[in-house]
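Engineer: One file: query_20.cif (mmCIF, C-alpha atoms).
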```cif
data_entry
#
loop_
_atom_site.label_atom_id
_atom_site.label_comp_id
_atom_site.auth_asym_id
_atom_site.auth_seq_id
_atom_site.Cartn_x
_atom_site.Cartn_y
_atom_site.Cartn_z
CA MET A 21 123.73 120.35 82.18
CA GLU A 22 121.71 119.87 79.05
CA GLY A 23 121.18 116.18 79.84
CA ALA A 24 120.08 117.06 83.36
CA ASN A 25 117.57 119.62 82.08
CA GLN A 26 116.15 117.13 79.64
CA THR A 27 115.85 114.53 82.36
CA GLY A 28 113.47 116.80 84.28
CA MET A 29 111.12 116.91 81.26
CA VAL A 30 111.05 113.14 80.70
CA ARG A 31 107.75 111.33 80.52
CA PHE A 32 107.59 107.55 80.17
CA HIS A 33 104.76 105.50 78.77
CA PHE A 34 104.04 101.79 79.11
CA ARG A 35 104.00 99.32 76.25
CA PRO A 36 100.43 98.17 75.51
CA PHE A 37 99.69 94.46 75.63
CA SER A 38 97.93 94.60 72.29
CA LYS A 39 97.02 97.12 69.60
CA LEU A 40 93.49 95.71 69.46
CA PRO A 41 91.02 97.54 71.78
CA GLU A 42 89.00 94.34 72.27
CA VAL A 43 92.06 92.46 73.54
CA GLN A 44 93.01 95.36 75.80
CA MET A 45 89.50 95.31 77.28
CA LEU A 46 89.72 91.56 77.96
CA ILE A 47 93.09 92.08 79.65
CA PHE A 48 91.61 94.90 81.73
CA VAL A 49 88.73 92.71 82.93
CA ALA A 50 91.10 89.81 83.75
CA PHE A 51 93.50 92.07 85.67
CA LEU A 52 90.66 93.79 87.52
CA ILE A 53 89.18 90.45 88.62
CA MET A 54 92.59 89.19 89.78
CA TYR A 55 93.27 92.42 91.68
CA LEU A 56 89.89 92.37 93.45
CA VAL A 57 90.25 88.67 94.33
CA SER A 58 93.77 89.30 95.64
CA ILE A 59 92.68 92.23 97.80
CA SER A 60 89.58 90.48 99.16
CA GLY A 61 91.51 87.25 99.86
CA ASN A 62 94.36 88.93 101.70
CA VAL A 63 92.03 91.25 103.62
CA SER A 64 89.98 88.20 104.65
CA ILE A 65 93.08 86.40 105.95
CA SER A 66 94.15 89.47 107.94
CA LEU A 67 90.67 89.93 109.45
CA ILE A 68 90.24 86.24 110.30
CA ILE A 69 93.58 86.17 112.11
CA TRP A 70 92.78 89.41 113.95
CA LEU A 71 89.27 88.30 115.01
CA ASN A 72 90.17 84.78 116.18
CA ARG A 73 92.25 84.63 119.35
CA SER A 74 93.13 80.99 118.62
CA LEU A 75 95.19 82.28 115.68
CA HIS A 76 97.18 84.78 117.74
CA THR A 77 100.39 82.78 117.37
CA PRO A 78 103.71 83.67 115.71
CA MET A 79 102.92 81.65 112.56
CA TYR A 80 99.67 83.50 111.93
CA PHE A 81 101.20 86.82 112.98
CA PHE A 82 103.70 86.45 110.14
CA LEU A 83 100.95 85.27 107.78
CA ALA A 84 98.89 88.38 108.58
CA ASN A 85 101.95 90.53 107.88
CA LEU A 86 102.48 88.71 104.58
CA ALA A 87 98.85 89.32 103.62
CA ALA A 88 99.20 93.04 104.43
CA LEU A 89 102.36 93.22 102.31
CA GLU A 90 100.56 91.51 99.42
CA ILE A 91 97.74 94.09 99.61
CA CYS A 92 100.19 96.99 99.41
CA TYR A 93 102.33 95.23 96.78
CA SER A 94 99.35 94.62 94.48
CA SER A 95 98.09 98.17 94.97
CA THR A 96 101.47 99.56 93.92
CA ILE A 97 101.15 97.99 90.46
CA ALA A 98 97.51 97.21 89.66
CA PRO A 99 95.69 100.61 89.70
CA LEU A 100 98.17 102.32 87.34
CA THR A 101 98.28 99.24 85.11
CA LEU A 102 94.49 99.10 84.91
CA ALA A 103 94.32 102.80 84.03
CA SER A 104 97.01 102.36 81.39
CA VAL A 105 95.32 99.31 79.81
CA LEU A 106 91.92 101.01 79.77
CA SER A 107 93.22 104.28 78.31
CA THR A 108 92.68 104.76 74.58
CA GLU A 109 95.77 106.99 74.44
CA ARG A 110 99.26 106.45 75.80
CA ALA A 111 99.21 106.86 79.57
CA LEU A 112 102.21 108.96 80.57
CA ILE A 113 104.07 108.76 83.87
CA SER A 114 106.52 111.36 85.11
CA LEU A 115 110.04 110.61 86.25
CA PRO A 116 109.17 111.15 89.96
CA GLY A 117 106.03 109.04 89.55
CA CYS A 118 108.01 106.23 87.95
CA GLY A 119 110.63 106.43 90.70
CA THR A 120 107.95 106.29 93.40
CA GLN A 121 106.35 103.20 91.89
CA MET A 122 109.74 101.51 91.50
CA PHE A 123 110.69 102.29 95.10
CA PHE A 124 107.51 100.76 96.56
CA PHE A 125 107.73 97.78 94.20
CA ILE A 126 111.29 96.98 95.32
CA PHE A 127 110.57 97.82 98.97
CA LEU A 128 107.45 95.65 99.31
CA GLY A 129 108.75 92.85 97.08
CA SER A 130 112.00 92.64 99.04
CA ALA A 131 110.21 92.70 102.39
CA ASP A 132 107.90 89.96 101.10
CA CYS A 133 110.82 87.67 100.19
CA ILE A 134 112.62 88.30 103.48
CA LEU A 135 109.43 87.65 105.46
CA LEU A 136 109.05 84.27 103.73
CA ALA A 137 112.50 83.37 105.09
CA VAL A 138 111.39 84.48 108.55
CA MET A 139 108.31 82.24 108.25
CA ALA A 140 110.56 79.30 107.34
CA TYR A 141 112.59 79.94 110.51
CA ASP A 142 109.35 79.98 112.53
CA ARG A 143 108.37 76.56 111.10
CA PHE A 144 111.89 75.26 111.80
CA VAL A 145 111.65 76.23 115.47
CA ALA A 146 108.07 74.88 115.78
CA ILE A 147 108.91 71.46 114.34
CA CYS A 148 112.53 70.95 115.37
CA HIS A 149 112.33 72.57 118.84
CA PRO A 150 108.65 72.30 119.86
CA LEU A 151 109.33 72.34 123.61
CA HIS A 152 111.24 75.62 123.37
CA TYR A 153 108.99 77.23 120.73
CA THR A 154 107.26 79.80 122.95
CA LEU A 155 110.58 80.74 124.54
CA MET A 156 112.48 81.06 121.25
CA MET A 157 109.67 82.75 119.29
CA SER A 158 108.71 85.42 121.78
CA TRP A 159 106.38 88.20 120.65
CA ARG A 160 109.20 90.68 120.96
CA LEU A 161 111.35 88.65 118.57
CA CYS A 162 108.43 88.21 116.15
CA VAL A 163 107.86 91.97 115.98
CA GLN A 164 111.59 92.57 115.53
CA LEU A 165 111.79 90.05 112.67
CA ALA A 166 108.74 91.53 110.94
CA MET A 167 110.08 95.07 111.34
CA GLY A 168 113.55 93.94 110.25
CA SER A 169 112.18 92.66 106.93
CA LEU A 170 110.54 96.04 106.34
CA VAL A 171 113.63 98.02 107.30
CA LEU A 172 115.96 95.95 105.13
CA GLY A 173 113.54 96.16 102.20
CA PHE A 174 113.27 99.94 102.66
CA ILE A 175 117.06 100.43 102.72
CA LEU A 176 117.67 98.30 99.62
CA ALA A 177 114.81 99.95 97.72
CA MET A 178 115.94 103.47 98.60
CA GLN A 179 119.56 102.88 97.59
CA LEU A 180 118.70 101.19 94.28
CA THR A 181 115.98 103.65 93.29
CA VAL A 182 118.09 106.73 94.04
CA LEU A 183 121.03 105.23 92.13
CA ILE A 184 118.93 104.45 89.05
CA PHE A 185 117.17 107.80 88.90
CA GLN A 186 120.46 109.66 88.97
CA LEU A 187 120.94 108.36 85.43
CA PRO A 188 120.25 110.75 82.55
CA PHE A 189 117.13 109.97 80.51
CA CYS A 190 117.25 111.88 77.25
CA SER A 191 113.62 111.97 76.16
CA SER A 192 110.19 110.47 76.61
CA LYS A 193 110.38 106.76 75.92
CA GLU A 194 108.40 103.55 76.07
CA ILE A 195 108.94 101.21 79.01
CA SER A 196 108.82 97.65 77.69
CA LEU A 197 106.55 96.57 80.55
CA PHE A 198 103.31 97.63 82.27
CA TYR A 199 105.00 99.22 85.31
CA CYS A 200 108.32 100.84 86.24
CA ASP A 201 110.58 97.86 86.82
CA VAL A 202 114.33 98.20 87.26
CA LEU A 203 115.72 96.58 84.10
CA PRO A 204 113.29 98.16 81.57
CA VAL A 205 113.89 101.62 83.05
CA MET A 206 117.68 101.19 83.09
CA ARG A 207 117.56 100.33 79.39
CA LEU A 208 116.15 103.80 78.68
CA ALA A 209 119.14 105.59 80.21
CA CYS A 210 121.55 107.57 78.04
CA ALA A 211 124.64 106.42 79.95
CA ASP A 212 126.61 103.34 80.86
CA THR A 213 124.71 101.31 83.50
CA TRP A 214 127.19 98.61 84.50
CA VAL A 215 127.46 99.98 88.07
CA HIS A 216 123.67 100.01 88.35
CA GLU A 217 123.40 96.47 86.97
CA ALA A 218 126.03 95.29 89.46
CA THR A 219 124.10 96.96 92.29
CA LEU A 220 120.88 95.31 91.13
CA PHE A 221 122.64 91.94 91.15
CA VAL A 222 123.87 92.49 94.72
CA VAL A 223 120.36 93.48 95.82
CA SER A 224 118.92 90.41 94.07
CA ILE A 225 121.42 88.15 95.84
CA THR A 226 120.47 89.75 99.17
CA VAL A 227 116.73 89.47 98.58
CA LEU A 228 116.46 86.22 96.62
CA THR A 229 119.50 83.96 96.92
CA ILE A 230 120.42 84.36 100.61
CA PRO A 231 116.83 84.01 101.94
CA PHE A 232 116.20 81.07 99.61
CA LEU A 233 119.31 79.29 100.87
CA LEU A 234 118.19 79.90 104.46
CA ILE A 235 114.72 78.56 103.61
CA THR A 236 116.25 75.48 101.97
CA LEU A 237 118.47 74.86 105.00
CA SER A 238 115.47 75.23 107.32
CA TYR A 239 113.47 72.70 105.33
CA VAL A 240 116.34 70.19 105.32
CA PHE A 241 116.14 70.16 109.13
CA ILE A 242 112.33 70.25 109.06
CA VAL A 243 112.05 67.23 106.77
CA ALA A 244 114.60 65.32 108.85
CA ALA A 245 112.59 66.07 112.00
CA ILE A 246 109.26 65.14 110.38
CA LEU A 247 110.60 61.78 109.20
CA LYS A 248 111.44 60.95 112.82
CA ILE A 249 107.80 61.41 113.88
CA ARG A 250 106.38 57.94 114.45
CA SER A 251 102.65 58.55 113.89
CA ALA A 252 101.36 59.06 110.35
CA GLU A 253 98.90 61.68 111.63
CA GLY A 254 101.71 63.66 113.23
CA ARG A 255 103.77 63.58 110.04
CA HIS A 256 100.77 64.65 107.97
CA LYS A 257 100.00 67.58 110.29
CA ALA A 258 103.62 68.75 110.23
CA PHE A 259 103.82 68.51 106.44
CA SER A 260 100.49 70.33 106.01
CA THR A 261 101.69 73.34 108.02
CA CYS A 262 104.76 73.64 105.76
CA SER A 263 103.44 72.71 102.32
CA SER A 264 101.48 75.94 101.78
CA HIS A 265 104.47 78.06 102.76
CA LEU A 266 106.78 76.04 100.53
CA THR A 267 104.41 76.42 97.55
CA VAL A 268 104.34 80.21 97.97
CA VAL A 269 108.15 80.27 98.29
CA LEU A 270 108.62 78.38 95.01
CA LEU A 271 106.23 80.73 93.19
CA GLN A 272 107.76 83.92 94.58
CA TYR A 273 111.44 83.02 94.32
CA GLY A 274 111.06 81.15 91.03
CA CYS A 275 109.54 84.13 89.22
CA GLY A 276 111.94 86.63 90.79
CA SER A 277 114.99 84.55 89.91
CA LEU A 278 113.94 84.28 86.25
CA ILE A 279 114.13 88.07 85.97
CA TYR A 280 116.72 89.38 88.41
CA LEU A 281 119.29 86.60 88.72
CA CYS A 282 119.81 86.15 84.98
CA PRO A 283 122.44 88.26 83.15
CA SER A 284 120.95 91.61 82.15
CA SER A 285 122.22 91.06 78.60
CA SER A 286 119.87 88.07 78.30
CA TYR A 287 116.81 90.04 79.51
CA SER A 288 113.86 89.58 77.16
CA PRO A 289 110.98 92.11 77.31
CA GLU A 290 108.55 89.43 76.14
CA ARG A 291 109.62 86.97 78.83
CA GLY A 292 109.71 89.78 81.37
CA GLN A 293 106.13 90.71 80.48
CA VAL A 294 104.85 87.17 81.04
CA VAL A 295 106.80 86.52 84.26
CA SER A 296 105.85 89.95 85.63
CA VAL A 297 102.15 89.22 85.12
CA VAL A 298 102.63 86.04 87.16
CA TYR A 299 104.27 87.65 90.20
CA THR A 300 102.35 90.95 90.18
CA PHE A 301 98.82 89.66 89.49
CA ILE A 302 98.61 85.86 89.61
CA THR A 303 100.80 85.12 92.66
CA PRO A 304 98.96 87.60 94.97
CA VAL A 305 95.73 85.80 93.98
CA LEU A 306 97.15 82.34 94.60
CA ASN A 307 98.80 83.09 97.96
CA PRO A 308 95.58 83.49 100.03
CA LEU A 309 93.99 80.56 98.18
CA ILE A 310 96.99 78.33 98.90
CA TYR A 311 97.08 79.23 102.58
CA SER A 312 93.32 78.96 103.08
CA MET A 313 92.97 75.62 101.26
CA ARG A 314 95.99 73.92 102.85
CA ASN A 315 95.53 75.19 106.40
CA ARG A 316 92.86 73.47 108.51
CA GLU A 317 93.02 75.96 111.40
CA LEU A 318 92.51 78.88 109.02
CA LYS A 319 89.56 77.13 107.33
CA ASP A 320 87.97 76.35 110.70
CA ALA A 321 88.44 79.96 111.82
CA LEU A 322 86.88 81.21 108.58
CA ARG A 323 83.90 78.88 109.09
CA ARG A 324 83.41 80.09 112.68
CA THR A 325 83.67 83.72 111.62
CA MET A 326 81.11 83.24 108.85
CA ILE A 327 78.70 81.50 111.25
CA ARG A 328 79.05 84.32 113.82
CA PHE A 329 78.49 86.89 111.07
CA LEU A 330 75.36 85.14 109.78
CA LEU A 331 73.89 84.67 113.24
CA SER A 332 74.53 88.24 114.38
#
```
Would you mind writing the file out in structure tokens?

Structural biologist:
Amino acid sequence: MEGANQTGMVRFHFRPFSKLPEVQMLIFVAFLIMYLVSISGNVSISLIIWLNRSLHTPMYFFLANLAALEICYSSTIAPLTLASVLSTERALISLPGCGTQMFFFIFLGSADCILLAVMAYDRFVAICHPLHYTLMMSWRLCVQLAMGSLVLGFILAMQLTVLIFQLPFCSSKEISLFYCDVLPVMRLACADTWVHEATLFVVSITVLTIPFLLITLSYVFIVAAILKIRSAEGRHKAFSTCSSHLTVVLLQYGCGSLIYLCPSSSYSPERGQVVSVVYTFITPVLNPLIYSMRNRELKDALRRTMIRFLLS
């Protein structure tokens, strides 16, 4: 009972990046710029797809959903991180607040990874079965796949978050990161966490390994189909529609695997800090840039939208 009462009084605080105020200010400015670029880029992609009827296809429907997820995902981490970095004193977060941030981080991150696998399936159908594409990728199926990624992410996040925050936390402690991630929070518990670590591993397999294997399998068939295309222009067009997605997949799954698929005993706070900056700030900035630069239809739609805006 005493442990439970103490748990209710727990306040966490985040580890600062540096003890020097000047360095903290530089980090704040860099993070703020990346967050604003990420939000503006993903909002632009969503609006362009919504405003251009030529982009109302399954591929761009999933891309708009991915952009919306990235907006929410970034907003789960960035505002609290920016406030913590800018604060001259230790920014405290309550146990419920930490649990809420962790839930949305797992929920949106998981849905993001699953949606990338759905997008790979869409490209597989488009390239390997072009004549049956509209029949196989009906709007009803597209909505079901998008909703399924959200539902599965929600279920996994709820189970893992509830399990972790049933642990006793004995006092206010420092989280060795700039947000409430699973492994750093588990390390602050005053109890054995092997069940929780095993659950995290199962969730990681579900979110990272299985979708990545499905993506890999899809691209094996995609590459085989592309190589059978006789014209160089046709091969180039097919590769261009897949290269941006594949780049985002490697960034997302590579960073996630470095943290969640390694043994928890080998977890390094320093490595976790660096990798976490990549997939919480840098990757959401790169994703809209990658898709906009490598996708001719999206660039043409952006150009048309800008011209209409300037002429109106």

Engineer: How far is it from CA of Leu220 in chain A to CA of Gly276 in chain A, in Å with one decimal?

Structural biologist: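 Computing it gives 12.5 Å between the two atoms.
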
Engineer: From the list A:Met206, A:Ile195, A:Cys275, A:Val30, which residue is nearest Ser114 in chain A when using only C-alpha atoms?

Structural biologist: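 Between A:Met206, A:Ile195, A:Cys275, A:Val30, the residue approaching Ser114 in chain A most closely is A:Val30.
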
Engineer: What is the distance between CA of His33 in chain A and CA of Ala111 in chain A, in Å to one decimal?

Structural biologist: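 Atom-to-atom, CA of His33 in chain A and CA of Ala111 in chain A are spaced 5.8 Å apart.
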
Engineer: What gap, in Å, lies between CA of Ala209 in chain A and CA of Glu194 in chain A?

Structural biologist: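 Computed distance, CA of Ala209 in chain A to CA of Glu194 in chain A, equals 11.7 Å.
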
Engineer: Just give me the residues with any atom within 9 Å of (122.5, 107.7, 79.4), file coordinates, counting only C-alpha atoms, written as a list of chain:residue names.

Structural biologist: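 Result, sorted by chain then residue number: A:Gly23, A:Leu187, A:Pro188, A:Phe189, A:Cys190, A:Met206, A:Arg207, A:Leu208, A:Ala209, A:Cys210, A:Ala211, A:Asp212, A:Thr213.
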
Engineer: Could you expand the PyMOL selection byres ((chain A and resi 165-167) around 8) into the explicit residues it covers here, written as a PDB file with C-alpha atoms, in the frame of the given file?

Structural biologist:
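out_39.pdb, freshly written:
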```
ATOM      1  CA  PHE A  82     103.700  86.450 110.140  1.00  0.00           C
ATOM      2  CA  ASN A  85     101.950  90.530 107.880  1.00  0.00           C
ATOM      3  CA  LEU A 135     109.430  87.650 105.460  1.00  0.00           C
ATOM      4  CA  VAL A 138     111.390  84.480 108.550  1.00  0.00           C
ATOM      5  CA  LEU A 161     111.350  88.650 118.570  1.00  0.00           C
ATOM      6  CA  CYS A 162     108.430  88.210 116.150  1.00  0.00           C
ATOM      7  CA  VAL A 163     107.860  91.970 115.980  1.00  0.00           C
ATOM      8  CA  GLN A 164     111.590  92.570 115.530  1.00  0.00           C
ATOM      9  CA  GLY A 168     113.550  93.940 110.250  1.00  0.00           C
ATOM     10  CA  SER A 169     112.180  92.660 106.930  1.00  0.00           C
ATOM     11  CA  LEU A 170     110.540  96.040 106.340  1.00  0.00           C
ATOM     12  CA  VAL A 171     113.630  98.020 107.300  1.00  0.00           C
TER      13      VAL A 171
END
```

Engineer: With a distance cut-off of 7 Å and only C-alpha atoms, select the neighbouring residues of range 38-55 of chain A, excluding the residue or stretch itself and same-chain residues fewer than 2 positions from it, and output the selection as a list of chain:residue names.

Structural biologist: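 My reading of the contact set: A:Pro36, A:Val57, A:Ser58, A:Ile59, A:Ala98, A:Leu102, A:Val105, A:Leu106, A:Phe301, A:Ile302, A:Val305.
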
Engineer: Go ahead and save the picked residues with C-alpha atoms, as a PDB file, keeping the file's coordinate frame.

Structural biologist:
```
ATOM      1  CA  PRO A  36     100.430  98.170  75.510  1.00  0.00           C
ATOM      2  CA  VAL A  57      90.250  88.670  94.330  1.00  0.00           C
ATOM      3  CA  SER A  58      93.770  89.300  95.640  1.00  0.00           C
ATOM      4  CA  ILE A  59      92.680  92.230  97.800  1.00  0.00           C
ATOM      5  CA  ALA A  98      97.510  97.210  89.660  1.00  0.00           C
ATOM      6  CA  LEU A 102      94.490  99.100  84.910  1.00  0.00           C
ATOM      7  CA  VAL A 105      95.320  99.310  79.810  1.00  0.00           C
ATOM      8  CA  LEU A 106      91.920 101.010  79.770  1.00  0.00           C
ATOM      9  CA  PHE A 301      98.820  89.660  89.490  1.00  0.00           C
ATOM     10  CA  ILE A 302      98.610  85.860  89.610  1.00  0.00           C
ATOM     11  CA  VAL A 305      95.730  85.800  93.980  1.00  0.00           C
TER      12      VAL A 305
END
```

Engineer: Quick one: of A:Cys148, A:Val223, A:Ile91, A:Ile184, who's nearest to Cys118 in chain A, counting only C-alpha atoms?

Structural biologist: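 Among A:Cys148, A:Val223, A:Ile91, A:Ile184, it is A:Ile184 that comes nearest to Cys118 in chain A.
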
Engineer: Run the PyMOL selection byres ((chain A and resi 268) around 10) against the file shown and list the residues it catches, as a list in words.

Structural biologist: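 With the shown file as input, the PyMOL selection byres ((chain A and resi 268) around 10) matches Leu136, Ser263, Ser264, His265, Leu266, Thr267, Val269, Leu270, Leu271, Gln272, Tyr273, Gly274, Thr303, Pro304, Leu306, Asn307, Pro308, Ile310 and Tyr311 of chain A.
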
Engineer: Could you check the closest approach to Arg316 in chain A for each of A:Pro150, A:Gly292, A:Ala88, A:Lys257 and tell me which residue wins, using only C-alpha atoms?

Structural biologist: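 Of all the options, A:Lys257 lies closest to Arg316 in chain A.
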
Engineer: Please provide the set of residues having any atom within 10 Å of Ser277 in chain A, restricted to all atoms listed in the file, with same-chain residues fewer than 3 positions apart removed, written as a list of chain:residue names.

Structural biologist: A:Ser224, A:Ile225, A:Leu228, A:Thr229, A:Gln272, A:Tyr273, A:Gly274, A:Tyr280, A:Leu281, A:Cys282

Engineer: Put those residues in a file: C-alpha atoms, as a short mmCIF file (atom, residue, chain, number, x, y, z; two decimals), keeping the file's coordinate frame.

Structural biologist:
```cif
data_model
loop_
_atom_site.label_atom_id
_atom_site.label_comp_id
_atom_site.auth_asym_id
_atom_site.auth_seq_id
_atom_site.Cartn_x
_atom_site.Cartn_y
_atom_site.Cartn_z
CA SER A 224 118.92 90.41 94.07
CA ILE A 225 121.42 88.15 95.84
CA LEU A 228 116.46 86.22 96.62
CA THR A 229 119.50 83.96 96.92
CA GLN A 272 107.76 83.92 94.58
CA TYR A 273 111.44 83.02 94.32
CA GLY A 274 111.06 81.15 91.03
CA TYR A 280 116.72 89.38 88.41
CA LEU A 281 119.29 86.60 88.72
CA CYS A 282 119.81 86.15 84.98
#
```

Engineer: Between A:Leu176, A:Val63, A:Ile126, A:Ala146, which is the closest to Tyr93 in chain A once you count all atoms listed in the file?

Structural biologist: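 For Tyr93 in chain A, the nearest of the given residues is A:Ile126.
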